[in-house]
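> Next comes the structure file input_34.csv, holding CSV, C-alpha atoms.
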chain,number,residue,atom,x,y,z
K,1,MET,CA,0.0,0.0,0.0
K,2,THR,CA,1.7,3.2,-1.1
K,3,ALA,CA,0.9,6.8,-0.5
K,4,ARG,CA,0.0,8.7,-3.6
K,5,PHE,CA,0.0,12.3,-2.7
K,6,VAL,CA,1.3,13.4,0.6
K,7,ASP,CA,4.2,11.3,1.8
K,8,THR,CA,5.7,7.8,1.5
K,9,THR,CA,7.4,7.4,4.9
K,10,VAL,CA,7.0,3.9,6.3
K,11,LEU,CA,8.2,2.5,9.6
K,12,LYS,CA,8.3,-1.1,10.5
K,13,THR,CA,8.2,-2.8,13.9
K,14,ASP,CA,7.9,-6.4,15.0
K,15,ARG,CA,4.1,-6.5,14.5
K,16,LEU,CA,3.3,-3.2,12.8
K,17,THR,CA,3.8,-1.3,9.6
K,18,LEU,CA,3.4,2.4,10.2
K,19,ARG,CA,2.2,3.9,6.9
K,20,MET,CA,0.1,6.8,5.5
K,21,PRO,CA,-3.6,6.7,6.4
K,22,VAL,CA,-5.7,5.6,3.4
K,23,LEU,CA,-9.5,5.7,2.7
K,24,ALA,CA,-9.8,2.0,3.6
K,25,ASP,CA,-8.8,2.9,7.2
K,26,TRP,CA,-11.8,5.3,7.6
K,27,PRO,CA,-14.4,2.8,8.8
K,28,ALA,CA,-12.2,1.8,11.8
K,29,HIS,CA,-11.2,5.3,12.5
K,30,ARG,CA,-14.8,6.5,12.2
K,31,ALA,CA,-16.0,3.9,14.6
K,32,PHE,CA,-13.4,4.9,17.2
K,33,SER,CA,-14.0,8.7,16.7
K,34,MET,CA,-17.8,8.5,17.1
K,35,SER,CA,-17.6,6.3,20.2
K,36,ASP,CA,-17.0,7.0,23.9
K,37,ALA,CA,-13.5,5.7,23.5
K,38,ALA,CA,-12.7,9.1,21.9
K,39,ALA,CA,-13.6,11.0,25.1
K,40,PRO,CA,-10.0,11.6,26.1
K,41,LEU,CA,-9.5,13.4,22.8
K,42,GLY,CA,-12.6,15.5,23.3
K,43,GLY,CA,-15.0,13.1,21.6
K,44,PRO,CA,-17.2,11.4,20.8
K,45,PHE,CA,-17.1,13.4,17.6
K,46,ASP,CA,-19.8,13.8,14.9
K,47,GLU,CA,-19.0,12.3,11.5
K,48,ARG,CA,-17.9,15.6,9.9
K,49,SER,CA,-15.4,16.4,12.7
K,50,ALA,CA,-14.1,12.8,12.6
K,51,TRP,CA,-13.5,13.0,8.9
K,52,ARG,CA,-11.8,16.3,9.2
K,53,MET,CA,-9.5,15.1,11.9
K,54,PHE,CA,-8.8,11.8,10.0
K,55,ALA,CA,-8.0,13.7,6.7
K,56,GLY,CA,-5.8,16.1,8.8
K,57,LEU,CA,-3.6,13.3,10.0
K,58,ALA,CA,-2.4,12.8,6.4
K,59,GLY,CA,-2.4,16.5,5.5
K,60,HIS,CA,-0.2,17.5,8.4
K,61,TRP,CA,2.7,15.8,6.5
K,62,ALA,CA,2.6,18.4,3.8
K,63,LEU,CA,2.9,21.3,6.2
K,64,HIS,CA,5.6,20.1,8.5
K,65,GLY,CA,7.2,17.1,6.7
K,66,TYR,CA,6.0,14.7,9.4
K,67,GLY,CA,2.6,13.6,10.7
K,68,TRP,CA,0.6,10.6,11.8
K,69,PHE,CA,0.7,7.1,10.5
K,70,ALA,CA,-1.9,4.3,10.4
K,71,MET,CA,-0.8,1.3,12.5
K,72,GLN,CA,-1.2,-1.7,10.2
K,73,ALA,CA,-1.1,-5.1,11.9
K,74,ASP,CA,-1.8,-8.6,10.5
K,75,GLU,CA,-5.3,-8.3,12.0
K,76,GLY,CA,-6.0,-5.0,10.2
K,77,VAL,CA,-5.5,-1.3,10.9
K,78,VAL,CA,-5.4,-1.1,14.7
K,79,GLY,CA,-4.9,2.6,15.4
K,80,VAL,CA,-3.0,5.8,14.5
K,81,CYS,CA,0.2,7.1,15.9
K,82,GLY,CA,2.5,9.9,14.9
K,83,LEU,CA,3.9,13.4,15.5
K,84,HIS,CA,2.3,16.7,15.1
K,85,PHE,CA,2.8,20.4,15.9
K,86,PRO,CA,-0.2,22.6,15.6
K,87,PRO,CA,0.5,26.3,16.0
K,88,THR,CA,-1.4,26.4,19.3
K,89,HIS,CA,0.8,23.8,20.9
K,90,SER,CA,4.0,24.5,22.9
K,91,ASP,CA,6.0,21.5,21.8
K,92,LEU,CA,6.3,18.8,19.2
K,93,GLU,CA,3.9,16.0,20.3
K,94,ILE,CA,3.9,12.3,19.8
K,95,GLY,CA,0.4,10.8,20.1
K,96,TRP,CA,-1.3,7.5,19.7
K,97,VAL,CA,-4.8,6.0,19.5
K,98,THR,CA,-5.5,2.3,19.6
K,99,TYR,CA,-8.9,1.3,18.3
K,100,ALA,CA,-11.1,-0.6,20.8
K,101,PRO,CA,-10.8,-4.1,19.3
K,102,ALA,CA,-7.0,-4.0,19.4
K,103,GLN,CA,-6.4,-2.4,22.8
K,104,ARG,CA,-4.3,-4.0,25.6
K,105,LYS,CA,-1.9,-5.7,23.2
K,106,GLY,CA,0.9,-3.2,23.4
K,107,TYR,CA,0.4,-1.8,19.9
K,108,ALA,CA,0.5,1.8,20.9
K,109,THR,CA,3.8,1.4,22.8
K,110,GLU,CA,5.3,-0.5,19.9
K,111,ALA,CA,4.2,2.1,17.4
K,112,ALA,CA,5.2,5.1,19.5
K,113,ARG,CA,8.6,3.7,20.3
K,114,ALA,CA,9.3,3.5,16.5
K,115,ALA,CA,7.9,6.9,15.8
K,116,LEU,CA,9.9,8.4,18.6
K,117,ASP,CA,13.1,6.8,17.3
K,118,TRP,CA,12.4,8.2,13.9
K,119,ALA,CA,11.6,11.7,15.2
K,120,TRP,CA,14.8,12.0,17.2
K,121,GLY,CA,16.6,11.5,13.9
K,122,TRP,CA,15.2,14.8,12.4
K,123,THR,CA,14.1,17.0,15.3
K,124,ASP,CA,16.5,19.4,17.0
K,125,ALA,CA,14.4,19.5,20.1
K,126,ASP,CA,15.6,18.0,23.4
K,127,ARG,CA,12.1,17.0,24.3
K,128,ILE,CA,9.1,15.6,22.7
K,129,VAL,CA,5.9,15.7,24.6
K,130,SER,CA,2.6,13.9,24.9
K,131,PHE,CA,-0.4,15.8,26.0
K,132,ILE,CA,-2.6,13.3,27.9
K,133,ASP,CA,-5.9,13.8,29.5
K,134,ARG,CA,-5.6,13.6,33.3
K,135,ASP,CA,-8.1,10.7,33.4
K,136,ASN,CA,-6.7,8.7,30.5
K,137,THR,CA,-4.9,6.1,32.5
K,138,ALA,CA,-4.4,3.8,29.4
K,139,SER,CA,-2.4,6.5,27.6
K,140,GLN,CA,-0.5,7.4,30.8
K,141,SER,CA,0.6,3.8,31.0
K,142,VAL,CA,1.9,3.9,27.4
K,143,ALA,CA,3.8,7.1,28.2
K,144,ARG,CA,5.4,5.5,31.3
K,145,ARG,CA,6.4,2.4,29.3
K,146,LEU,CA,8.0,4.8,26.8
K,147,GLY,CA,10.0,6.4,29.6
K,148,ALA,CA,8.2,9.7,29.7
K,149,THR,CA,7.7,11.6,32.9
K,150,CYS,CA,5.0,14.0,34.1
K,151,ASP,CA,5.2,16.6,36.9
K,152,GLY,CA,1.6,17.7,36.6
K,153,GLU,CA,2.2,20.6,34.3
K,154,ALA,CA,-1.0,21.5,32.3
K,155,ALA,CA,-0.9,21.8,28.6
K,156,ARG,CA,-1.1,25.4,27.4
K,157,HIS,CA,-3.7,24.6,24.8
K,158,ASP,CA,-5.9,22.4,27.0
K,159,PRO,CA,-5.9,22.6,30.8
K,160,LEU,CA,-7.5,19.1,31.0
K,161,CYS,CA,-4.3,17.6,29.6
K,162,GLU,CA,-1.0,17.1,31.4
K,163,VAL,CA,2.4,17.3,29.7
K,164,TRP,CA,4.3,14.1,29.6
K,165,VAL,CA,7.9,14.6,28.5
K,166,HIS,CA,10.1,12.3,26.5
K,167,GLU,CA,13.7,13.4,26.8
K,168,ARG,CA,16.4,12.9,24.2
K,169,VAL,CA,18.8,10.2,25.3
K,170,ALA,CA,22.4,10.7,24.3
K,171,ALA,CA,23.5,8.1,21.8
E,1,MET,CA,5.7,16.9,-3.0
E,2,MET,CA,3.4,14.7,-4.9
E,3,ILE,CA,0.4,16.9,-5.1
E,4,PRO,CA,0.5,18.1,-8.7
E,5,THR,CA,1.2,21.7,-9.6
E,6,LEU,CA,-0.9,23.6,-12.2
E,7,THR,CA,-0.1,26.9,-13.7
E,8,THR,CA,-2.3,29.5,-15.4
E,9,GLU,CA,-1.5,32.9,-16.9
E,10,ARG,CA,-1.1,34.5,-13.5
E,11,LEU,CA,-1.5,31.8,-10.9
E,12,THR,CA,0.2,28.7,-9.6
E,13,LEU,CA,-2.0,26.0,-8.0
E,14,ARG,CA,0.3,24.1,-5.7
E,15,ALA,CA,0.4,22.1,-2.5
E,16,PRO,CA,-0.3,24.2,0.6
E,17,ARG,CA,2.8,25.1,2.7
E,18,LEU,CA,3.4,26.0,6.3
E,19,SER,CA,4.0,29.6,5.2
E,20,ASP,CA,0.5,29.7,3.8
E,21,PHE,CA,-1.1,29.1,7.2
E,22,ALA,CA,-1.2,32.7,8.4
E,23,ALA,CA,-3.2,33.8,5.4
E,24,HIS,CA,-5.5,30.8,5.7
E,25,ALA,CA,-6.1,31.4,9.4
E,26,ALA,CA,-6.8,35.1,8.8
E,27,PHE,CA,-9.4,34.2,6.2
E,28,LYS,CA,-11.0,31.5,8.5
E,29,ALA,CA,-11.1,34.1,11.3
E,30,SER,CA,-12.8,36.7,9.2
E,31,PRO,CA,-16.5,37.2,8.3
E,32,ARG,CA,-15.5,36.1,4.7
E,33,ALA,CA,-15.6,32.5,6.1
E,34,GLY,CA,-19.3,32.8,6.8
E,35,PHE,CA,-20.3,30.7,3.7
E,36,VAL,CA,-17.7,28.0,4.3
E,37,GLY,CA,-18.3,26.8,7.8
E,38,GLY,CA,-18.2,30.0,9.8
E,39,ILE,CA,-15.6,31.8,11.8
E,40,SER,CA,-12.8,29.6,13.1
E,41,THR,CA,-10.2,29.6,15.8
E,42,GLU,CA,-6.6,29.2,14.9
E,43,ALA,CA,-6.7,25.6,16.0
E,44,GLU,CA,-9.8,24.9,13.8
E,45,ALA,CA,-8.1,26.7,10.9
E,46,TRP,CA,-5.1,24.5,11.3
E,47,ASN,CA,-7.3,21.3,11.2
E,48,HIS,CA,-9.1,22.7,8.2
E,49,LEU,CA,-5.9,23.3,6.2
E,50,CYS,CA,-4.5,19.9,7.2
E,51,ALA,CA,-7.8,18.2,6.2
E,52,LEU,CA,-8.0,19.8,2.8
E,53,ILE,CA,-4.5,18.6,2.1
E,54,GLY,CA,-5.2,15.1,3.5
E,55,GLN,CA,-8.1,14.7,1.1
E,56,TRP,CA,-5.5,14.3,-1.6
E,57,GLN,CA,-4.2,11.3,0.3
E,58,LEU,CA,-7.6,9.8,0.9
E,59,ARG,CA,-9.3,10.4,-2.4
E,60,GLY,CA,-6.5,11.0,-4.9
E,61,TYR,CA,-7.7,14.5,-5.7
E,62,GLY,CA,-8.2,17.7,-3.7
E,63,ARG,CA,-7.8,21.4,-3.4
E,64,TRP,CA,-4.7,23.5,-4.1
E,65,MET,CA,-3.3,26.6,-2.6
E,66,VAL,CA,-3.7,29.3,-5.3
E,67,ALA,CA,-0.6,31.5,-5.3
E,68,GLU,CA,0.1,34.5,-7.4
E,69,THR,CA,2.9,33.3,-9.6
E,70,ALA,CA,4.8,36.6,-9.5
E,71,THR,CA,4.9,36.8,-5.7
E,72,ASP,CA,4.0,33.3,-4.5
E,73,ARG,CA,1.6,34.9,-2.1
E,74,PRO,CA,-1.4,32.7,-1.2
E,75,MET,CA,-4.7,34.1,-2.6
E,76,GLY,CA,-7.1,31.3,-1.8
E,77,VAL,CA,-8.0,27.7,-2.0
E,78,VAL,CA,-9.5,26.2,-5.2
E,79,GLY,CA,-9.9,22.6,-6.4
E,80,ILE,CA,-11.8,19.4,-6.1
E,81,HIS,CA,-13.6,19.3,-2.8
E,82,HIS,CA,-15.2,16.1,-1.7
E,83,PRO,CA,-16.2,15.9,2.0
E,84,LEU,CA,-18.0,13.0,3.4
E,85,ASP,CA,-21.4,14.6,3.4
E,86,TRP,CA,-21.3,15.9,-0.2
E,87,PRO,CA,-23.2,13.6,-2.7
E,88,GLU,CA,-20.4,14.0,-5.3
E,89,ALA,CA,-17.1,15.9,-5.7
E,90,GLU,CA,-17.3,19.6,-6.6
E,91,ILE,CA,-15.1,22.3,-7.8
E,92,GLY,CA,-14.8,24.6,-4.8
E,93,TRP,CA,-13.4,28.1,-4.6
E,94,THR,CA,-12.4,30.3,-1.7
E,95,VAL,CA,-10.6,33.6,-2.2
E,96,TYR,CA,-8.8,35.4,0.6
E,97,ALA,CA,-9.4,39.2,0.8
E,98,ASP,CA,-6.1,39.9,-1.0
E,99,GLY,CA,-7.2,37.9,-4.0
E,100,GLU,CA,-10.6,39.5,-4.3
E,101,GLY,CA,-11.7,41.3,-7.5
E,102,LYS,CA,-9.0,40.1,-9.8
E,103,GLY,CA,-10.7,37.1,-11.4
E,104,TYR,CA,-8.4,34.7,-9.7
E,105,ALA,CA,-11.2,32.3,-8.6
E,106,TYR,CA,-12.4,32.1,-12.2
E,107,GLU,CA,-8.9,31.5,-13.5
E,108,ALA,CA,-8.1,28.9,-10.9
E,109,ALA,CA,-11.4,27.1,-11.1
E,110,LYS,CA,-11.1,26.7,-14.9
E,111,ALA,CA,-7.7,25.1,-14.3
E,112,ALA,CA,-9.2,22.8,-11.7
E,113,ARG,CA,-12.0,21.9,-14.0
E,114,SER,CA,-9.6,21.1,-16.8
E,115,TYR,CA,-7.7,18.9,-14.3
E,116,ALA,CA,-10.9,17.0,-13.4
E,117,TYR,CA,-11.7,16.4,-17.1
E,118,ASP,CA,-8.3,16.0,-18.8
E,119,THR,CA,-6.2,14.4,-16.0
E,120,LEU,CA,-8.8,12.6,-13.9
E,121,GLY,CA,-10.9,11.7,-16.9
E,122,TRP,CA,-14.2,12.7,-15.4
E,123,SER,CA,-17.2,13.4,-17.6
E,124,THR,CA,-19.1,15.7,-15.2
E,125,ILE,CA,-18.5,17.9,-12.2
E,126,ALA,CA,-20.6,20.3,-10.2
E,127,SER,CA,-20.2,23.2,-7.8
E,128,PHE,CA,-22.3,23.5,-4.6
E,129,VAL,CA,-23.2,27.1,-3.8
E,130,ASN,CA,-25.1,28.7,-1.0
E,131,PRO,CA,-27.7,30.7,-2.8
E,132,ASP,CA,-27.1,33.7,-0.6
E,133,ASN,CA,-23.4,33.8,-1.8
E,134,THR,CA,-24.0,36.1,-4.7
E,135,ARG,CA,-20.4,36.3,-5.7
E,136,SER,CA,-20.1,32.6,-5.9
E,137,VAL,CA,-23.4,32.3,-7.9
E,138,THR,CA,-21.9,34.9,-10.3
E,139,LEU,CA,-18.8,32.8,-10.7
E,140,ALA,CA,-20.8,29.6,-11.3
E,141,ARG,CA,-22.7,31.4,-14.1
E,142,ARG,CA,-19.4,32.7,-15.6
E,143,MET,CA,-18.1,29.2,-15.6
E,144,GLY,CA,-21.0,28.2,-17.8
E,145,CYS,CA,-22.7,26.2,-15.0
E,146,ARG,CA,-26.4,25.4,-15.1
E,147,PRO,CA,-28.7,24.8,-12.1
E,148,ASP,CA,-29.1,21.1,-11.4
E,149,GLY,CA,-31.2,20.8,-8.2
E,150,GLN,CA,-30.1,21.2,-4.7
E,151,HIS,CA,-28.4,19.3,-1.9
E,152,MET,CA,-29.9,19.7,1.6
E,153,HIS,CA,-26.9,19.8,3.9
E,154,ALA,CA,-27.2,19.1,7.6
E,155,VAL,CA,-25.2,22.1,8.6
E,156,TYR,CA,-25.1,24.5,5.6
E,157,GLY,CA,-28.8,24.1,4.7
E,158,PRO,CA,-29.8,24.0,1.0
E,159,LEU,CA,-26.9,24.2,-1.4
E,160,HIS,CA,-27.6,24.9,-5.0
E,161,ILE,CA,-26.0,22.4,-7.4
E,162,TRP,CA,-24.4,24.1,-10.4
E,163,ARG,CA,-23.5,21.6,-13.1
E,164,HIS,CA,-20.5,22.6,-15.2
E,165,PRO,CA,-20.4,22.2,-18.9
E,166,SER,CA,-19.3,18.7,-19.9
E,167,PRO,CA,-15.9,18.1,-21.6
E,168,SER,CA,-17.7,17.8,-25.0
E,169,GLU,CA,-19.7,21.0,-24.4
E,170,LEU,CA,-16.5,22.9,-23.5
E,171,ALA,CA,-14.8,21.5,-26.6
E,172,ALA,CA,-17.7,22.5,-28.9
Please express the file's structure as structure tokens.


Amino acid sequence: MTARFVDTTVLKTDRLTLRMPVLADWPAHRAFSMSDAAAPLGGPFDERSAWRMFAGLAGHWALHGYGWFAMQADEGVVGVCGLHFPPTHSDLEIGWVTYAPAQRKGYATEAARAALDWAWGWTDADRIVSFIDRDNTASQSVARRLGATCDGEAARHDPLCEVWVHERVAA
Amino acid sequence: MMIPTLTTERLTLRAPRLSDFAAHAAFKASPRAGFVGGISTEAEAWNHLCALIGQWQLRGYGRWMVAETATDRPMGVVGIHHPLDWPEAEIGWTVYADGEGKGYAYEAAKAARSYAYDTLGWSTIASFVNPDNTRSVTLARRMGCRPDGQHMHAVYGPLHIWRHPSPSELAA
């Protein structure tokens, strides 16, 4: 599956291929976005908003040269993961979403670890952050497994989110 | 960048860039955005710009940033818009304040229509216009479009469908 118009970056892990989102991923992403599982991201979202956010995952690549990937596993697309930097944010962020049927299998940790390794290769930043809702214990666990730390600092753009910091480790 | 670039007499239709965002956000924050979703915050404008680029990835066609070739300044967004809740793809046009009154939307929309017919090989395309948007209605007429019913949109209300001349009609 190759990207046609925005980017062609692909990352591989043991169980996942991280590749550009494609239209065939939409039903799974839609189901997630319109469900209560999207609450930590501000959802559930209506279909229009969900589509805009899904399309935006791919479009971000054209503006910054990086963005979000779809997480392709043998069982299908299991989530999205990647890096983004909207103008309202304070830092480069790594984020992840695992769709409900594929949760608790470690996919988000596996994908985010690969995406972080990739990002350290091109960013000059000493820290990459994850903005995680205070009540989102599943994502907090992923951040901990990735080695991120949190001192309770609130995200500038969203006071409901805390800043989890991934620090660059010297090679 | 894999989004194709089109050129017209005065304009370059190209992939949006980070440097275009300020102009896009200013447009989306202005009353000019009233016919295209209403006034947006900076965060919403960012999502909007990302999404219009991402449509290229998802659908294989999309909208371009229209830049004045002489200056590379962004003047608006024109191209093939196909959100989920549209019954078909359309030629859409949005012109920022700086690009108003120069015929840029007409020039860019003609290039986008040619792309739909000549490159994508489509045999028909429409534009969806809010009937209160008199400038857009005028442009649809100038493009040779004919009324072809309406689409009742859940958020925008009734949108008039303006059917563009077919490739054979344009060639005649």

> Check the smallest atom-to-atom distance from each of E:Ala111, E:Leu49, E:Val129, E:Ala172 to Leu6 (chain E) using only C-alpha atoms, then report the winner.

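So, comparing all the options, the nearest one is E:Ala111.
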
> What's around region 100-110 of chain E at 9 Å? Count only C-alpha atoms, leave out sequence neighbours fewer than 5 positions away in its own chain, and write the answer as a PyMOL selection string.

chain E and resi 7-13+66+68+75-79+91-95+115+139-140+142-143

> Could you list, as a VMD selection string, every residue of chain E that has an atom within 6 Å of an atom of chain K, counting all atoms listed in the file?

chain E and resid 2 to 3 17 to 18 47 50 to 51 53 to 58

> Here's a test: counting only C-alpha atoms, identify every protein, DNA and RNA residue with an atom at most 12 Å from (-9.0, 11.8, 26.1) in the file's coordinate frame, and state them as JSON, numbers by chain.

{"K": [33, 35, 36, 37, 38, 39, 40, 41, 42, 43, 44, 45, 95, 96, 97, 130, 131, 132, 133, 134, 135, 136, 137, 138, 139, 140, 158, 160, 161, 162]}

> To one decimal place in Å, what is the distance between CA of Asp126 (chain K) and CA of Val163 (chain K)?

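We find that CA of Asp126 (chain K) and CA of Val163 (chain K) lie 14.6 Å from each other.
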
> In Å, rounded to a single decimal, give me how far CA of Arg144 (chain K) is from CA of Ala125 (chain K).

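Here the two named atoms are 20.1 Å from each other.
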
> What is the distance between CA of Leu16 (chain K) and CA of Arg127 (chain K), in Å to one decimal?

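Pair CA of Leu16 (chain K) / CA of Arg127 (chain K) returns 24.9 Å.
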
> Excluding Ala89 (chain E) and any residue of its chain fewer than 5 positions from it, enumerate the residues within 12 Å of it, using all atoms listed in the file, and give them as a ChimeraX atom specification.

/E:55,59-63,79-84,113,116,122,124-128,161-163

> Could you write out the selected residues, including C-alpha atoms, as an mmCIF file, in the coordinates of the input?


data_model
loop_
_atom_site.group_PDB
_atom_site.id
_atom_site.type_symbol
_atom_site.label_atom_id
_atom_site.label_comp_id
_atom_site.auth_asym_id
_atom_site.auth_seq_id
_atom_site.Cartn_x
_atom_site.Cartn_y
_atom_site.Cartn_z
ATOM 1 C CA GLN E 55 -8.100 14.700 1.100
ATOM 2 C CA ARG E 59 -9.300 10.400 -2.400
ATOM 3 C CA GLY E 60 -6.500 11.000 -4.900
ATOM 4 C CA TYR E 61 -7.700 14.500 -5.700
ATOM 5 C CA GLY E 62 -8.200 17.700 -3.700
ATOM 6 C CA ARG E 63 -7.800 21.400 -3.400
ATOM 7 C CA GLY E 79 -9.900 22.600 -6.400
ATOM 8 C CA ILE E 80 -11.800 19.400 -6.100
ATOM 9 C CA HIS E 81 -13.600 19.300 -2.800
ATOM 10 C CA HIS E 82 -15.200 16.100 -1.700
ATOM 11 C CA PRO E 83 -16.200 15.900 2.000
ATOM 12 C CA LEU E 84 -18.000 13.000 3.400
ATOM 13 C CA ARG E 113 -12.000 21.900 -14.000
ATOM 14 C CA ALA E 116 -10.900 17.000 -13.400
ATOM 15 C CA TRP E 122 -14.200 12.700 -15.400
ATOM 16 C CA THR E 124 -19.100 15.700 -15.200
ATOM 17 C CA ILE E 125 -18.500 17.900 -12.200
ATOM 18 C CA ALA E 126 -20.600 20.300 -10.200
ATOM 19 C CA SER E 127 -20.200 23.200 -7.800
ATOM 20 C CA PHE E 128 -22.300 23.500 -4.600
ATOM 21 C CA ILE E 161 -26.000 22.400 -7.400
ATOM 22 C CA TRP E 162 -24.400 24.100 -10.400
ATOM 23 C CA ARG E 163 -23.500 21.600 -13.100
#

> Measuring between all atoms listed in the file, which one of E:Pro74, E:Pro165, E:Leu159, E:His151 shows the shortest distance to Ala97 (chain E)?

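Looking only at the distances to Ala97 (chain E), the closest residue turns out to be E:Pro74.
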
> Could you complete region 50-74 of chain K so that it carries N, CA and C atoms, and give it back as a CSV table (one decimal), in the coordinates of the input?


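out_11.csv, written as the output of this step:
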chain,number,residue,atom,x,y,z
K,50,ALA,N,-15.0,14.0,12.7
K,50,ALA,CA,-14.1,12.8,12.6
K,50,ALA,C,-13.4,12.7,11.3
K,51,TRP,N,-14.1,13.0,10.2
K,51,TRP,CA,-13.5,13.0,8.9
K,51,TRP,C,-12.4,14.0,8.7
K,52,ARG,N,-12.8,15.2,9.3
K,52,ARG,CA,-11.8,16.3,9.2
K,52,ARG,C,-10.5,16.0,9.9
K,53,MET,N,-10.7,15.4,11.1
K,53,MET,CA,-9.5,15.1,11.9
K,53,MET,C,-8.7,13.9,11.2
K,54,PHE,N,-9.4,13.0,10.6
K,54,PHE,CA,-8.8,11.8,10.0
K,54,PHE,C,-8.0,12.3,8.7
K,55,ALA,N,-8.7,13.1,7.9
K,55,ALA,CA,-8.0,13.7,6.7
K,55,ALA,C,-6.7,14.5,7.2
K,56,GLY,N,-6.9,15.2,8.3
K,56,GLY,CA,-5.8,16.1,8.8
K,56,GLY,C,-4.6,15.3,9.2
K,57,LEU,N,-4.8,14.1,9.6
K,57,LEU,CA,-3.6,13.3,10.0
K,57,LEU,C,-2.6,13.2,8.8
K,58,ALA,N,-3.2,12.9,7.6
K,58,ALA,CA,-2.4,12.8,6.4
K,58,ALA,C,-1.9,14.2,6.0
K,59,GLY,N,-2.8,15.2,6.0
K,59,GLY,CA,-2.4,16.5,5.5
K,59,GLY,C,-1.3,17.2,6.3
K,60,HIS,N,-1.2,16.9,7.5
K,60,HIS,CA,-0.2,17.5,8.4
K,60,HIS,C,1.2,17.3,7.8
K,61,TRP,N,1.4,16.2,7.1
K,61,TRP,CA,2.7,15.8,6.5
K,61,TRP,C,3.2,16.9,5.5
K,62,ALA,N,2.2,17.5,4.8
K,62,ALA,CA,2.6,18.4,3.8
K,62,ALA,C,3.1,19.7,4.4
K,63,LEU,N,2.6,20.1,5.6
K,63,LEU,CA,2.9,21.3,6.2
K,63,LEU,C,4.2,21.3,7.0
K,64,HIS,N,4.4,20.2,7.7
K,64,HIS,CA,5.6,20.1,8.5
K,64,HIS,C,6.6,19.0,8.1
K,65,GLY,N,6.2,18.2,7.1
K,65,GLY,CA,7.2,17.1,6.7
K,65,GLY,C,7.1,15.9,7.6
K,66,TYR,N,6.2,15.9,8.6
K,66,TYR,CA,6.0,14.7,9.4
K,66,TYR,C,4.5,14.8,9.8
K,67,GLY,N,4.0,13.7,10.4
K,67,GLY,CA,2.6,13.6,10.7
K,67,GLY,C,2.3,12.3,11.4
K,68,TRP,N,1.1,11.8,11.1
K,68,TRP,CA,0.6,10.6,11.8
K,68,TRP,C,0.6,9.5,10.8
K,69,PHE,N,0.8,8.3,11.3
K,69,PHE,CA,0.7,7.1,10.5
K,69,PHE,C,-0.5,6.3,10.9
K,70,ALA,N,-1.0,5.4,10.0
K,70,ALA,CA,-1.9,4.3,10.4
K,70,ALA,C,-1.1,3.1,10.9
K,71,MET,N,-1.5,2.5,11.9
K,71,MET,CA,-0.8,1.3,12.5
K,71,MET,C,-1.5,0.0,11.8
K,72,GLN,N,-0.7,-0.5,10.9
K,72,GLN,CA,-1.2,-1.7,10.2
K,72,GLN,C,-0.6,-3.0,10.8
K,73,ALA,N,-1.5,-3.8,11.3
K,73,ALA,CA,-1.1,-5.1,11.9
K,73,ALA,C,-1.7,-6.2,11.0
K,74,ASP,N,-1.3,-7.4,11.3
K,74,ASP,CA,-1.8,-8.6,10.5
K,74,ASP,C,-3.4,-8.6,10.6
